[in-house]
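Engineer: Mind looking over this structure? Questions follow.
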Amino acid sequence: MAASSRAQVLDLYRAMLRESKHFSAYNYRTYAVRRIRDAFRENKNVKDPVEIQALVNKAKRDLGIIRRQLPVTPLESARIICLFIALWKHLKSRLFL
Amino acid sequence: MLLRTAWRRAAAAVPVAPGPKSEAPTRGLRLRVADHAPQFAVPSDTATAPQAESVLRPLYMDVQATTPLDPRVLDAMLPYLVNYYGNPHSRTHAYGWESEAAMEHARQQVASLIGADPREIIFTSGATESNNIAIKELEAAIQPDTSLVSVMTVNNEIGVKQPIAEIGRICSSRKVYFHTDAAQAVGKIPLDVNDMKIDLMSISGHKIYGPKGVGAIYIRRRPRVRVEALQSGGGQERGMRSGTVPTPLVVGLGAACEVAQQEMEYDHKRISKLAERLTQKIMRSLPDVVMNGDPEHHYPGCINLSFAYVEGESLLMALKDVALSSGSACTSASLEPSYVLRAIGTDEDLAHSSIRFGIGRFTTEEEVDYTVEKCIHHVKRLREMSPLWEMVQDGIDLKSIKWTQH
């Protein structure tokens with residue numbers, strides 16, 4: 001099963017840690033990072049493929065939860081996006097792309 | 001040039017996340033959060049939108065008073081606040097059916113945490129209402145000699161665990177009903193209503209990282225425990241608690257119970273470690289500190305320490321960047337020292353100088369270290385100012401002093 005290969009699990013782990021770092025509340029952010037790390041570490045020697053798949057599915061559900069919980073204020077993200085668009089336009093004009 | 005300016009502006013716009021090890025401990029851990037506090041006027045213009053304001057909030061070390069919502073609980077509740085808003089008692093359409101299904105699923109989640117049958121769980125507005133329903137049963141008793149024993153499983157002020165299994169055994173052998181207020185214990189220590197022979201149990205949502213305004217009462221069916229309803233109305237919840245069951249809240253309670261069941265061992269291990277760290281550090285650096293409560297039968301997340309020769313309220317005021325309490329929140333408005341401490345025989349002066357440290361699922365090691373450091377610093381400072389401390393340092397026995405009236 002593709003989902004339970006080592007590379008896929010590592011990708012999931014990295015994605016979860018990456019998303020967790022965007023929690024704006026200190027306590028949620030530190031808990032998520034710590035819990036994800038500890039959970040993956042605790043289960044790293046599991047061999048049974050059925051159990052691995054169950055754990056991977058749970059992790060994917062939790063990743064969904066984290067993604068839904070990240071409240072980025074629309075004004076803030078709009079600001080950042082505008083800045084990046086301005087930057088990209090500037091780069092394009094400089095490099096004649 | 002323009003590139004550098006643009007990057008600087010971009011860097012300034014991104015909210016500053018606190019790096020736990022970035023600064024020396026004394027500057028330390030002030031929660032620098034992008035302020036998502038409710039904005040009552042929605043700004044219409046991006047140009048006038050406030051910068052990601054860094055608002056410093058105190059650290060939260062008062063989990064016995066209330067706990068933050070676990071993100072998993074909020075995720076479970078959101079659909080029922082936004083889309084699936086039906087009344088669970090509506091029997092004629094899908095909105096009602098899906099809401100009822102969620103309510104029953106939540107009931108199952110609560111029941112499985114305490115080893116009960118879902119039919120034995122009644123949803124209420126909190127542990128206080130559950131307690132009142134349970135106590136009222138006493139008045140509804142038929143035989144004049146039927147009585148009720150009511151005990152708190154884990155005390156909210158000093159964290160002592162009562163010997164529930166023993167009490168349950170004694171009560172069942174004497175045919176006396178046994179009620180326990182498990183608000184601080186559910187989801188934190190393993191509880192089984194059948195092993196411990198509990199007849200009635202109160203559960204509170206906001207003590208286990210669930211929403212406020214919801215709780216449950218466990219009422220044993222075999223042998224049947226009769227309770228009288230506090231509020232009458234449409235006969236919901238088997239007639240024991242009328243009123244529309246708030247689906248989003250009970251879904252949150254159910255999710256909180258399920259999460260607690262999964263995380264109980266991990267949390268307990270972590271909280272014990274942090275509690276050990278806190279008490280060891282404080283006791284090593286300060287003399288004359290007493291931990292209130294039996295050290296053996298103790299829930300680690302609730303640490304109640306008395307600092308001799310220091311007044312509790314003044315220490316709380318000094319520790320203004322840490323949210324602490326010196327006793328239970330329900331009695332914090334009065335100036336009386338805690339009745340619990342008085343009951344366990346603490347001296348009057350030590351009872352006035354007690355502080356309760358609460359360690360929960362989301363407490364970090366850095367928060368504990370910061371709290372410990374500030375606590376030590378302020379206790380030393382306050383003791384320096386205390387004439388009682390001076391006398392003790394000079395070797396005078398305070399109990400031998402005859403205080404005169406002017």
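Residues are named by chain letter and number: chains run A, B, ... in the order of the structure tokens, numbers start at 1 in each chain, and ligands are numbered from 1 in the order shown.
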DSSP on the backbone: what in chain A comes out helix (DSSP H, G or I), as an NGL selection string?
Structural biologist: :A and (2-4 or 6-20 or 26-42 or 49-69 or 74-95)
Engineer: Based on only C-alpha atoms, which of the residues in chain A come within 7 Å of chain B? I want them as a list in words.
Structural biologist: Ser24, Ala25, Tyr26, Asn27, Tyr28, Tyr31, Ile65, Gln69, Leu75, Ile80, Leu83 and Leu87 of chain A
Engineer: Env of Leu230 of chain B: 9 Å cut, atoms = only C-alpha atoms, seq-sep filter 3 positions within chain, self excluded. Answer as a VMD selection string.
Structural biologist: chain B and resid 129 132 to 133 136 240 to 242
Engineer: Using only C-alpha atoms for the distances, tell me which of A:Tyr13, A:Ala54, A:Lys47, A:Ser5 is nearest to Arg34 of chain A.
Structural biologist: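 Ranking A:Tyr13, A:Ala54, A:Lys47, A:Ser5 by distance to Arg34 of chain A, first place goes to A:Tyr13.
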Engineer: Name all residues at most 12 Å from Asn57 of chain A (count only C-alpha atoms; drop same-chain ones fewer than 6 positions away) and give them as an MDAnalysis selection string.
Structural biologist: chainID A and resid 3:4 8:9 12 50:51 63:64
Engineer: Once you have the residues from the selection above, write them out as a short mmCIF file (atom, residue, chain, number, x, y, z; two decimals), in the first residue's frame, restricted to N, CA and C atoms.
Structural biologist:
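part.cif was written with the following content:
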```
data_model
loop_
_atom_site.label_atom_id
_atom_site.label_comp_id
_atom_site.auth_asym_id
_atom_site.auth_seq_id
_atom_site.Cartn_x
_atom_site.Cartn_y
_atom_site.Cartn_z
N ALA A 3 0.27 4.26 0.82
CA ALA A 3 0.15 5.20 1.93
C ALA A 3 1.01 4.80 3.11
N SER A 4 1.35 3.54 3.23
CA SER A 4 2.08 3.17 4.43
C SER A 4 3.56 2.96 4.17
N GLN A 8 6.15 7.91 2.64
CA GLN A 8 4.86 8.56 2.83
C GLN A 8 4.65 8.95 4.29
N VAL A 9 5.07 8.05 5.18
CA VAL A 9 4.91 8.35 6.61
C VAL A 9 5.75 9.56 6.98
N LEU A 12 4.14 12.68 5.79
CA LEU A 12 3.01 13.03 6.65
C LEU A 12 3.52 13.70 7.93
N VAL A 50 -1.55 -3.61 9.00
CA VAL A 50 -2.92 -3.14 9.28
C VAL A 50 -2.88 -2.04 10.34
N GLU A 51 -2.07 -2.30 11.36
CA GLU A 51 -1.96 -1.31 12.43
C GLU A 51 -1.33 -0.02 11.91
N LEU A 63 -4.21 15.71 10.84
CA LEU A 63 -3.66 16.76 9.99
C LEU A 63 -4.79 17.64 9.46
N GLY A 64 -5.89 17.01 9.09
CA GLY A 64 -7.07 17.76 8.66
C GLY A 64 -7.57 18.69 9.75
#
```
Engineer: Could you work out how far atom CA of Val225 of chain B lies from atom CA of Asp192 of chain B, giving the answer in Å with one decimal?
Structural biologist: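 Calculated distance between atom CA of Asp192 of chain B and atom CA of Val225 of chain B is 17.2 Å.
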Engineer: Using only C-alpha atoms, which residue out of B:Val290, B:Ala182, B:Ile217, B:Ile344 lies closest to Asn155 of chain B?
Structural biologist: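 Smallest separation from Asn155 of chain B among the options: B:Ala182.
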Engineer: As a list in words, please: every residue in segment 249-389 of chain B that a backbone DSSP assignment puts in strand (DSSP E).
Structural biologist: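 Selecting the strand (DSSP E) positions of segment 249-389 of chain B gives Val289, Val290, Met291, Cys302, Ile303, Asn304, Leu305, Ser306, Phe307, Val322, Ala323, Ser354, Ile355, Arg356, Phe357 and Gly358 of chain B.
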Engineer: Atoms to include: N, CA, C and O atoms. Write the selected residues as a short mmCIF file (atom, residue, chain, number, x, y, z; two decimals), in the first residue's frame.
Structural biologist:
```cif
data_model
loop_
_atom_site.label_atom_id
_atom_site.label_comp_id
_atom_site.auth_asym_id
_atom_site.auth_seq_id
_atom_site.Cartn_x
_atom_site.Cartn_y
_atom_site.Cartn_z
N VAL B 289 8.75 25.61 52.89
CA VAL B 289 7.64 25.47 51.94
C VAL B 289 6.97 24.14 52.25
O VAL B 289 7.64 23.12 52.39
N VAL B 290 5.64 24.17 52.39
CA VAL B 290 4.91 22.96 52.75
C VAL B 290 3.96 22.60 51.62
O VAL B 290 3.25 23.47 51.11
N MET B 291 3.97 21.33 51.22
CA MET B 291 2.97 20.92 50.22
C MET B 291 1.75 20.40 50.96
O MET B 291 1.86 19.50 51.80
N CYS B 302 -2.31 19.03 40.39
CA CYS B 302 -2.80 20.08 41.28
C CYS B 302 -1.86 20.16 42.46
O CYS B 302 -1.85 19.28 43.32
N ILE B 303 -1.02 21.18 42.48
CA ILE B 303 -0.01 21.30 43.54
C ILE B 303 -0.35 22.50 44.39
O ILE B 303 -0.40 23.61 43.89
N ASN B 304 -0.56 22.26 45.67
CA ASN B 304 -0.90 23.35 46.57
C ASN B 304 0.24 23.51 47.56
O ASN B 304 0.54 22.62 48.34
N LEU B 305 0.92 24.65 47.47
CA LEU B 305 2.08 24.89 48.32
C LEU B 305 1.82 26.05 49.25
O LEU B 305 1.24 27.05 48.84
N SER B 306 2.27 25.91 50.50
CA SER B 306 2.19 27.03 51.44
C SER B 306 3.59 27.56 51.67
O SER B 306 4.50 26.81 52.04
N PHE B 307 3.77 28.85 51.46
CA PHE B 307 5.06 29.48 51.68
C PHE B 307 5.00 30.21 53.01
O PHE B 307 4.30 31.21 53.13
N VAL B 322 1.64 35.26 35.68
CA VAL B 322 1.22 33.87 35.71
C VAL B 322 -0.18 33.84 36.30
O VAL B 322 -0.42 34.42 37.35
N ALA B 323 -1.08 33.15 35.63
CA ALA B 323 -2.46 33.08 36.13
C ALA B 323 -2.53 31.95 37.15
O ALA B 323 -2.54 30.78 36.78
N SER B 354 -1.16 29.99 50.93
CA SER B 354 -1.10 28.87 50.01
C SER B 354 -1.38 29.32 48.58
O SER B 354 -2.18 30.21 48.34
N ILE B 355 -0.69 28.68 47.66
CA ILE B 355 -0.87 28.95 46.23
C ILE B 355 -1.12 27.61 45.56
O ILE B 355 -0.48 26.62 45.88
N ARG B 356 -2.04 27.60 44.60
CA ARG B 356 -2.32 26.36 43.87
C ARG B 356 -1.78 26.47 42.46
O ARG B 356 -2.16 27.35 41.70
N PHE B 357 -0.86 25.56 42.11
CA PHE B 357 -0.31 25.51 40.75
C PHE B 357 -1.02 24.42 39.98
O PHE B 357 -1.05 23.28 40.42
N GLY B 358 -1.56 24.75 38.84
CA GLY B 358 -2.26 23.75 38.04
C GLY B 358 -1.47 23.42 36.79
O GLY B 358 -1.11 24.30 36.02
#
```
Engineer: Skip Val82 of chain B itself and residues of its chain fewer than 4 positions away, then list as a PyMOL selection string all residues within 10 Å of it, counting only C-alpha atoms.
Structural biologist: chain B and resi 77-78+248
Engineer: Emit the selected residues as a tab-separated table (two decimals), in the first residue's frame, including N, CA, C and O atoms.
Structural biologist:
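again.tsv, freshly written:
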```
chain	number	residue	atom	x	y	z
B	77	MET	N	-17.01	20.00	17.38
B	77	MET	CA	-18.20	20.82	17.65
B	77	MET	C	-18.61	21.69	16.47
B	77	MET	O	-19.80	21.97	16.30
B	78	LEU	N	-17.63	22.18	15.70
B	78	LEU	CA	-17.92	23.19	14.68
B	78	LEU	C	-19.05	22.84	13.72
B	78	LEU	O	-19.93	23.68	13.49
B	248	PRO	N	-24.24	20.98	20.07
B	248	PRO	CA	-22.81	21.29	19.93
B	248	PRO	C	-22.04	21.08	21.22
B	248	PRO	O	-20.92	20.57	21.22
```
Engineer: Restricting the calculation to only C-alpha atoms, which member of B:Arg342, B:Ala256, B:Ala275, B:Leu350 is positioned closest to Val368 of chain B?
Structural biologist: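 Closest candidate: B:Ala275.
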